[in-house]
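Asker: File start22.cif follows (mmCIF, C-alpha atoms):
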data_entry
loop_
_atom_site.label_atom_id
_atom_site.label_comp_id
_atom_site.auth_asym_id
_atom_site.auth_seq_id
_atom_site.Cartn_x
_atom_site.Cartn_y
_atom_site.Cartn_z
CA MET A 27 -13.87 -26.91 -1.16
CA ILE A 28 -12.20 -23.57 -0.33
CA THR A 29 -8.48 -23.95 -1.00
CA SER A 30 -7.17 -20.43 -0.25
CA ILE A 31 -8.01 -17.40 1.87
CA TRP A 32 -6.78 -15.11 -0.93
CA PRO A 33 -7.84 -12.62 -2.11
CA ILE A 34 -8.74 -11.08 1.26
CA ARG A 35 -11.15 -8.15 0.91
CA SER A 36 -11.06 -6.61 4.39
CA PHE A 37 -8.44 -6.48 7.14
CA LEU A 38 -9.67 -4.88 10.37
CA PHE A 39 -6.90 -3.39 12.53
CA ILE A 40 -7.24 -4.10 16.27
CA PRO A 41 -4.71 -3.13 18.98
CA ALA A 42 -3.60 -6.48 20.34
CA HIS A 43 -3.99 -5.37 23.98
CA LYS A 44 -7.74 -4.73 23.43
CA ARG A 45 -8.90 -8.32 24.04
CA ASN A 46 -12.63 -7.55 24.00
CA TRP A 47 -12.32 -5.80 20.65
CA VAL A 48 -11.40 -9.14 19.08
CA THR A 49 -14.70 -10.63 20.20
CA LYS A 50 -16.54 -7.58 18.87
CA ALA A 51 -14.75 -7.97 15.53
CA THR A 52 -16.27 -11.41 15.03
CA LEU A 53 -19.70 -9.75 14.86
CA VAL A 54 -18.83 -7.72 11.73
CA MET A 55 -17.00 -10.60 10.01
CA PRO A 56 -13.98 -9.09 8.29
CA ASP A 57 -12.08 -11.52 6.09
CA ALA A 58 -9.04 -10.89 8.29
CA VAL A 59 -7.99 -9.09 11.47
CA VAL A 60 -4.58 -7.48 11.93
CA LEU A 61 -3.64 -7.71 15.60
CA ASP A 62 -1.39 -4.71 16.02
CA LEU A 63 1.69 -4.76 18.24
CA GLU A 64 3.08 -1.52 16.85
CA ASP A 65 1.75 2.04 16.76
CA SER A 66 -1.66 1.51 18.42
CA VAL A 67 -0.29 -0.18 21.55
CA PRO A 68 1.03 1.97 24.46
CA LEU A 69 4.58 1.14 25.53
CA ASP A 70 3.47 -0.17 28.93
CA MET A 71 0.95 -2.51 27.24
CA LYS A 72 3.34 -4.22 24.81
CA SER A 73 3.91 -7.27 27.02
CA LEU A 74 0.18 -7.73 27.59
CA ALA A 75 -0.47 -7.49 23.86
CA ARG A 76 1.98 -10.32 23.21
CA GLU A 77 0.48 -12.48 25.96
CA LEU A 78 -3.02 -12.16 24.50
CA LEU A 79 -2.07 -13.16 20.95
CA SER A 80 -2.54 -16.90 21.37
CA SER A 81 -6.15 -16.65 22.58
CA GLU A 82 -6.95 -13.90 20.06
CA ILE A 83 -5.61 -15.93 17.13
CA PHE A 84 -7.56 -18.97 18.32
CA GLU A 85 -10.84 -17.05 18.62
CA LEU A 86 -10.51 -15.47 15.21
CA SER A 87 -9.67 -18.82 13.62
CA GLN A 88 -12.75 -20.37 15.21
CA HIS A 89 -14.87 -17.74 13.45
CA GLN A 90 -13.19 -18.31 10.06
CA ILE A 91 -11.47 -14.91 10.26
CA ALA A 92 -7.83 -14.94 9.16
CA PRO A 93 -5.52 -13.69 11.95
CA PHE A 94 -2.54 -11.49 11.01
CA VAL A 95 -0.14 -9.64 13.29
CA ARG A 96 1.63 -6.36 12.62
CA ILE A 97 4.99 -6.53 14.37
CA HIS A 98 7.51 -3.71 14.82
CA GLN A 99 9.96 -2.72 12.12
CA PHE A 100 12.79 -5.20 11.69
CA ASN A 101 15.40 -4.84 14.45
CA SER A 102 17.58 -6.81 16.85
CA ASN A 103 14.49 -7.89 18.83
CA THR A 104 12.56 -9.29 15.88
CA SER A 105 13.48 -12.91 16.63
CA GLU A 106 12.06 -12.56 20.15
CA GLU A 107 8.92 -10.95 18.76
CA ILE A 108 8.36 -13.68 16.17
CA GLU A 109 8.75 -16.31 18.89
CA ALA A 110 5.87 -14.63 20.75
CA VAL A 111 3.75 -14.21 17.63
CA VAL A 112 3.83 -17.63 15.94
CA HIS A 113 0.86 -19.72 17.03
CA GLU A 114 -1.33 -22.26 15.30
CA GLY A 115 -3.85 -20.45 13.13
CA LEU A 116 -1.70 -17.40 12.40
CA GLN A 117 -2.01 -16.56 8.70
CA GLY A 118 0.50 -13.79 8.25
CA ILE A 119 2.88 -11.11 9.48
CA MET A 120 2.67 -7.47 8.43
CA LEU A 121 6.13 -5.88 8.50
CA PRO A 122 6.02 -2.08 8.87
CA LYS A 123 8.74 0.20 7.49
CA ALA A 124 10.03 -2.65 5.32
CA ASP A 125 12.84 -1.24 3.24
CA SER A 126 15.14 -4.06 2.11
CA ALA A 127 14.88 -7.51 0.59
CA ASN A 128 17.31 -8.78 3.22
CA GLN A 129 14.81 -7.96 5.96
CA ILE A 130 12.20 -10.07 4.17
CA ARG A 131 14.63 -12.97 3.75
CA LEU A 132 15.60 -12.86 7.45
CA LEU A 133 11.94 -12.72 8.45
CA HIS A 134 11.24 -15.70 6.16
CA ASP A 135 13.95 -17.70 7.95
CA LEU A 136 12.68 -16.75 11.40
CA LEU A 137 9.18 -17.84 10.46
CA SER A 138 10.51 -21.13 9.11
CA TYR A 139 12.35 -21.79 12.36
CA TYR A 140 9.39 -21.04 14.62
CA GLU A 141 6.94 -22.89 12.38
CA GLY A 142 9.13 -25.94 12.84
CA LEU A 143 9.42 -25.38 16.58
CA ARG A 144 5.61 -25.13 16.90
CA GLY A 145 4.96 -28.13 14.65
CA LEU A 146 3.29 -26.02 11.96
CA LYS A 147 3.38 -26.66 8.23
CA HIS A 148 6.32 -24.90 6.61
CA GLY A 149 5.36 -21.77 4.72
CA VAL A 150 1.86 -21.45 6.17
CA ILE A 151 2.55 -17.93 7.51
CA SER A 152 2.54 -15.19 4.89
CA ILE A 153 4.47 -11.90 4.85
CA LEU A 154 2.90 -8.55 3.97
CA PRO A 155 5.62 -5.90 3.65
CA LEU A 156 4.48 -2.36 4.41
CA PRO A 157 7.04 0.03 2.85
CA GLU A 158 6.89 3.30 4.79
CA THR A 159 10.33 4.64 3.89
CA ALA A 160 11.51 6.23 0.65
CA ARG A 161 13.88 3.30 0.10
CA GLY A 162 11.15 0.72 0.67
CA LEU A 163 8.71 2.50 -1.63
CA GLN A 164 11.37 2.72 -4.33
CA ASP A 165 12.41 -0.95 -4.00
CA ALA A 166 8.99 -2.53 -3.45
CA GLU A 167 9.46 -5.08 -6.23
CA SER A 168 12.54 -6.47 -4.46
CA LEU A 169 10.50 -6.79 -1.27
CA ALA A 170 7.81 -8.70 -3.13
CA SER A 171 10.26 -11.11 -4.75
CA ALA A 172 12.44 -11.72 -1.68
CA SER A 173 10.34 -14.64 -0.37
CA PRO A 174 7.56 -16.91 -1.64
CA ARG A 175 5.77 -16.05 1.61
CA VAL A 176 5.10 -12.51 0.36
CA ARG A 177 1.48 -12.40 -0.81
CA GLY A 178 1.21 -8.68 -1.45
CA ILE A 179 2.79 -5.31 -0.89
CA VAL A 180 0.78 -3.10 1.46
CA GLY A 181 0.11 0.34 -0.01
CA THR A 182 -2.04 3.24 1.15
CA VAL A 183 -4.79 5.34 -0.37
CA SER A 184 -5.08 8.36 1.88
CA GLY A 185 -7.45 11.21 2.44
CA PRO A 186 -6.23 14.64 3.59
CA VAL A 187 -4.75 13.49 6.92
CA SER A 188 -1.24 12.22 6.14
CA ALA A 189 0.96 9.68 7.92
CA ASP A 190 4.30 7.85 7.49
CA VAL A 191 3.99 7.04 3.79
CA ALA A 192 3.15 10.62 2.79
CA GLN A 193 6.08 11.87 4.85
CA ALA A 194 8.45 9.35 3.27
CA PHE A 195 7.25 9.97 -0.27
CA GLY A 196 6.95 13.72 0.19
CA PHE A 197 3.42 14.37 -1.06
CA ARG A 198 0.64 16.34 0.61
CA ALA A 199 -2.37 14.07 0.69
CA SER A 200 -5.71 15.32 -0.62
CA MET A 201 -9.14 13.78 -0.99
CA GLY A 202 -8.76 13.88 -4.78
CA GLY A 203 -5.57 11.85 -4.43
CA VAL A 204 -3.91 12.82 -7.72
CA GLU A 205 -0.60 13.32 -5.89
CA GLN A 206 -0.71 9.62 -4.93
CA TYR A 207 -1.53 8.12 -8.33
CA PHE A 208 2.05 7.29 -9.27
CA MET A 209 2.75 5.60 -5.94
CA ASN A 210 -0.58 3.75 -5.96
CA SER A 211 0.07 2.34 -9.44
CA LYS A 212 3.74 1.61 -8.79
CA LEU A 213 3.12 -0.49 -5.69
CA VAL A 214 0.48 -2.59 -7.46
CA LEU A 215 2.82 -3.23 -10.39
CA ASP A 216 5.83 -3.85 -8.13
CA SER A 217 3.86 -6.36 -6.09
CA ARG A 218 2.67 -8.32 -9.11
CA ALA A 219 6.02 -8.11 -10.90
CA GLY A 220 7.64 -9.56 -7.79
CA GLY A 221 5.21 -12.49 -7.76
CA ALA A 222 2.99 -11.19 -4.95
CA ASN A 223 -0.40 -11.19 -6.64
CA TYR A 224 -2.51 -9.71 -3.84
CA PRO A 225 -1.44 -6.10 -3.24
CA ILE A 226 -3.58 -4.42 -0.59
CA ALA A 227 -4.07 -0.76 0.29
CA GLY A 228 -5.00 0.69 3.65
CA VAL A 229 -7.54 3.51 3.51
CA PHE A 230 -7.41 6.29 6.10
CA GLY A 231 -7.06 10.04 6.45
CA VAL A 232 -10.79 10.79 6.57
CA PRO A 233 -13.20 10.97 9.55
CA LEU A 234 -14.15 7.47 10.68
CA ASN A 235 -17.86 8.27 10.44
CA ASP A 236 -17.63 9.64 6.89
CA LEU A 237 -18.59 6.37 5.26
CA ALA A 238 -19.06 7.97 1.84
CA ALA A 239 -15.43 9.16 1.90
CA VAL A 240 -14.27 5.71 3.06
CA GLU A 241 -16.13 4.11 0.16
CA THR A 242 -14.59 6.58 -2.28
CA LEU A 243 -11.09 5.62 -1.14
CA LEU A 244 -11.90 1.90 -1.21
CA ARG A 245 -13.22 2.10 -4.76
CA ARG A 246 -10.15 4.07 -5.79
CA ALA A 247 -7.90 1.39 -4.29
CA ARG A 248 -9.84 -1.36 -6.10
CA ASP A 249 -9.66 0.47 -9.42
CA PHE A 250 -5.88 0.87 -9.09
CA GLY A 251 -5.64 -2.91 -8.85
CA TYR A 252 -5.48 -3.61 -5.12
CA THR A 253 -7.32 -6.76 -4.08
CA GLY A 254 -8.32 -5.74 -0.56
CA SER A 255 -7.88 -3.10 2.12
CA PRO A 256 -6.94 -2.79 5.77
CA VAL A 257 -9.54 -0.59 7.48
CA MET A 258 -9.57 1.26 10.79
CA HIS A 259 -13.14 0.83 12.05
CA PRO A 260 -15.71 -2.00 12.17
CA SER A 261 -18.21 0.12 10.22
CA HIS A 262 -15.82 0.05 7.25
CA VAL A 263 -15.71 -3.74 6.98
CA ALA A 264 -19.02 -4.22 5.17
CA ILE A 265 -18.12 -1.46 2.71
CA ALA A 266 -14.77 -3.09 1.89
CA ASN A 267 -16.38 -6.51 1.52
CA GLU A 268 -18.92 -5.11 -0.91
CA VAL A 269 -16.45 -3.04 -2.92
CA TYR A 270 -14.09 -5.98 -3.45
CA SER A 271 -16.80 -8.56 -4.24
CA PRO A 272 -18.05 -9.17 -7.79
CA THR A 273 -21.67 -8.12 -8.16
CA LYS A 274 -24.43 -10.27 -9.63
CA GLU A 275 -24.53 -7.86 -12.60
CA GLU A 276 -20.79 -8.34 -13.17
CA PHE A 277 -21.19 -12.10 -12.92
CA ASP A 278 -24.05 -12.12 -15.43
CA TYR A 279 -22.11 -9.94 -17.87
CA HIS A 280 -18.94 -12.04 -17.78
CA GLU A 281 -20.79 -15.38 -17.81
CA GLY A 282 -22.68 -14.20 -20.88
CA LEU A 283 -19.42 -13.09 -22.47
CA LEU A 284 -17.81 -16.49 -22.01
CA LYS A 285 -20.87 -18.30 -23.33
CA ALA A 286 -21.01 -16.04 -26.39
CA PHE A 287 -17.31 -16.52 -27.04
CA SER A 288 -17.55 -20.29 -26.65
CA GLN A 289 -20.32 -20.34 -29.23
CA ALA A 290 -18.25 -18.18 -31.56
CA GLU A 291 -15.30 -20.56 -31.25
CA GLN A 292 -17.52 -23.45 -32.26
CA ASN A 293 -18.45 -21.42 -35.33
CA GLY A 294 -14.79 -20.79 -36.20
CA SER A 295 -14.40 -17.25 -34.79
CA ALA A 296 -12.02 -15.87 -32.16
CA ALA A 297 -13.22 -12.27 -32.20
CA ILE A 298 -16.84 -11.26 -31.59
CA GLN A 299 -19.04 -8.33 -30.71
CA TYR A 300 -20.55 -8.62 -27.25
CA GLN A 301 -22.88 -5.93 -25.98
CA GLY A 302 -21.32 -3.50 -28.43
CA SER A 303 -17.65 -4.22 -27.65
CA MET A 304 -15.07 -6.28 -29.56
CA ILE A 305 -13.99 -9.35 -27.59
CA ASP A 306 -11.12 -11.73 -28.27
CA TYR A 307 -8.93 -14.09 -26.24
CA ALA A 308 -7.26 -11.20 -24.36
CA MET A 309 -10.50 -10.41 -22.53
CA LEU A 310 -11.21 -13.93 -21.30
CA PRO A 311 -8.87 -14.20 -18.27
CA GLN A 312 -10.56 -11.32 -16.43
CA SER A 313 -14.00 -12.79 -17.07
CA LYS A 314 -12.88 -16.18 -15.77
CA GLN A 315 -11.33 -14.57 -12.70
CA ILE A 316 -14.48 -12.62 -11.84
CA ILE A 317 -16.69 -15.68 -12.26
CA SER A 318 -14.35 -17.80 -10.14
CA GLU A 319 -14.27 -15.22 -7.33
CA TYR A 320 -18.07 -14.84 -7.45
CA HIS A 321 -18.51 -18.59 -6.95
CA ARG A 322 -15.80 -18.69 -4.26
CA ARG A 323 -17.53 -15.96 -2.26
CA LYS A 324 -20.87 -17.77 -2.49
CA LEU A 325 -19.20 -20.95 -1.22
CA ILE A 326 -17.53 -19.11 1.68
CA ASN A 327 -20.82 -17.47 2.65
CA LYS A 328 -22.58 -20.83 2.55
CA THR A 329 -19.83 -22.44 4.66
CA ASN A 330 -20.00 -19.67 7.28
CA VAL A 331 -23.77 -19.88 7.73
#
Let me see whether you can do it: turn the structure in this file into structure tokens.

Answerer:
Amino acid sequence: MITSIWPIRSFLFIPAHKRNWVTKATLVMPDAVVLDLEDSVPLDMKSLARELLSSEIFELSQHQIAPFVRIHQFNSNTSEEIEAVVHEGLQGIMLPKADSANQIRLLHDLLSYYEGLRGLKHGVISILPLPETARGLQDAESLASASPRVRGIVGTVSGPVSADVAQAFGFRASMGGVEQYFMNSKLVLDSRAGGANYPIAGVFGVPLNDLAAVETLLRRARDFGYTGSPVMHPSHVAIANEVYSPTKEEFDYHEGLLKAFSQAEQNGSAAIQYQGSMIDYAMLPQSKQIISEYHRRKLINKTNV
């Protein structure tokens, strides 16, 4: 039995007014789709985007794809927007330009109200804060800890083309990314320290058809500790799913490690050599996590067949 959608490996962004793109997204099977109401929707299409959400969320749910919605930054119209967004099947809200814990708490309360109004289970809708201001980036831990709905802080791992986060932080993005290392690490630690154990990092700033560059950024995000990535194009979904999935080689290594350690414990030892490295209790949690995720992915794949 699959008990949680987390960790989510791939989030495909789709402008919410592009109804046929949702159907196309089901063919590439991202773990999640972010239906965007914000930057990718023209001003004269905002109402249409809201009207389409219910059918889009339903279709994605029918294909076992987790529906999320990116709303606008928190403002006096947020209550009205949440009323339009909350439908059965919705898994989460992405809040752009999140820069205070109070915004997260108010959003939590709005979601609670509209969950009740729609007859949904309380707390079923997650919050993913996207800090795109200097204040939000500095205070990301407080965003993560402001509500139990927060599942992860949304960071970015960017190529040379910069956007809001680079402007707010003040760095000039490069493909090498060294100027982003502090921010990348900080947001992962802030997220986990705040109790949000699934930090994710959007990858962008490279040509959409440069799949090698996309994979480089995805692997960098994974190695920093992010558990999944929002991506901008359907061709990136399979890459993200592969990058964030344990390989058979990793599974075999860690299963062998646990078996060897179990045998050592039976022989009265708690520190062993395994494939040339010293292993003790500190190494076991990661091995157990990788094995658990490997089995979970196999179960999900079997269920979706």

Asker: Ranking A:Gly178, A:Gly294, A:Gly282, A:Gly162 by minimum distance to A:Lys314 and counting all atoms listed in the file, which one comes first?

Answerer: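 Closest residue, counting all atoms listed in the file: A:Gly282.
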
Asker: Write out as a PyMOL selection string which residues come within 7 Å of stretch 32-45 of chain A when counting only C-alpha atoms, dropping same-chain ones fewer than 5 positions away.

Answerer: chain A and resi 56-63+66-67+71+74-75+78-79+224+253-260+263+266-267+270

Asker: Print the selection's residues with C-alpha atoms to a file, as a compact mmCIF listing (two decimals), in the frame of the given file.

Answerer:
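Result file part.txt:
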# COMPACT_ATOMS: atom_id res chain seq x y z
CA PRO A 56 -13.98 -9.09 8.29
CA ASP A 57 -12.08 -11.52 6.09
CA ALA A 58 -9.04 -10.89 8.29
CA VAL A 59 -7.99 -9.09 11.47
CA VAL A 60 -4.58 -7.48 11.93
CA LEU A 61 -3.64 -7.71 15.60
CA ASP A 62 -1.39 -4.71 16.02
CA LEU A 63 1.69 -4.76 18.24
CA SER A 66 -1.66 1.51 18.42
CA VAL A 67 -0.29 -0.18 21.55
CA MET A 71 0.95 -2.51 27.24
CA LEU A 74 0.18 -7.73 27.59
CA ALA A 75 -0.47 -7.49 23.86
CA LEU A 78 -3.02 -12.16 24.50
CA LEU A 79 -2.07 -13.16 20.95
CA TYR A 224 -2.51 -9.71 -3.84
CA THR A 253 -7.32 -6.76 -4.08
CA GLY A 254 -8.32 -5.74 -0.56
CA SER A 255 -7.88 -3.10 2.12
CA PRO A 256 -6.94 -2.79 5.77
CA VAL A 257 -9.54 -0.59 7.48
CA MET A 258 -9.57 1.26 10.79
CA HIS A 259 -13.14 0.83 12.05
CA PRO A 260 -15.71 -2.00 12.17
CA VAL A 263 -15.71 -3.74 6.98
CA ALA A 266 -14.77 -3.09 1.89
CA ASN A 267 -16.38 -6.51 1.52
CA TYR A 270 -14.09 -5.98 -3.45

Asker: Which distance in Å separates atom CA of A:Thr182 and atom CA of A:Glu158, to one decimal?

Answerer: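 Those two atoms sit 9.6 Å apart.
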
Asker: Name the closest residue to A:His280 among the candidates A:Met309, A:Val112, A:Leu137, A:Ile326; distances are taken between atoms, counting all atoms listed in the file.

Answerer: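 Smallest distance to A:His280 is found for A:Met309.
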
Asker: So how far away is atom CA of A:Arg248 from atom CA of A:Leu310, in Å?

Answerer: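 Separation between atom CA of A:Leu310 and atom CA of A:Arg248: 19.8 Å.
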
Asker: Rounded to one decimal, what separation in Å do you get between atom CA of A:Asp125 and atom CA of A:Arg161?

Answerer: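 Here the two named atoms are 5.6 Å from each other.
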
Asker: Within 9 Å of A:Thr49, counting all atoms listed in the file, which residues show up once you throw out same-chain ones fewer than 6 positions away? Write them as a PyMOL selection string, please.

Answerer: chain A and resi 82+85-86

Asker: Apply the PyMOL selection byres ((chain A and resi 153) around 8) to the file shown and report the selected residues as number ranges by chain.

Answerer: A: 118-121, 130, 134, 151-152, 154-155, 175-178

Asker: Keeping only C-alpha atoms, take the residues you just selected and write them out as a compact mmCIF listing (two decimals), in the coordinates of the input.

Answerer:
# COMPACT_ATOMS: atom_id res chain seq x y z
CA GLY A 118 0.50 -13.79 8.25
CA ILE A 119 2.88 -11.11 9.48
CA MET A 120 2.67 -7.47 8.43
CA LEU A 121 6.13 -5.88 8.50
CA ILE A 130 12.20 -10.07 4.17
CA HIS A 134 11.24 -15.70 6.16
CA ILE A 151 2.55 -17.93 7.51
CA SER A 152 2.54 -15.19 4.89
CA LEU A 154 2.90 -8.55 3.97
CA PRO A 155 5.62 -5.90 3.65
CA ARG A 175 5.77 -16.05 1.61
CA VAL A 176 5.10 -12.51 0.36
CA ARG A 177 1.48 -12.40 -0.81
CA GLY A 178 1.21 -8.68 -1.45

Asker: Using all atoms listed in the file for the distances, tell me which of A:Ala92, A:Ala264, A:Ala199, A:Leu284 is nearest to A:Tyr300.

Answerer: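 Checking each of A:Ala92, A:Ala264, A:Ala199, A:Leu284 against A:Tyr300, counting all atoms listed in the file, the winner is A:Leu284.
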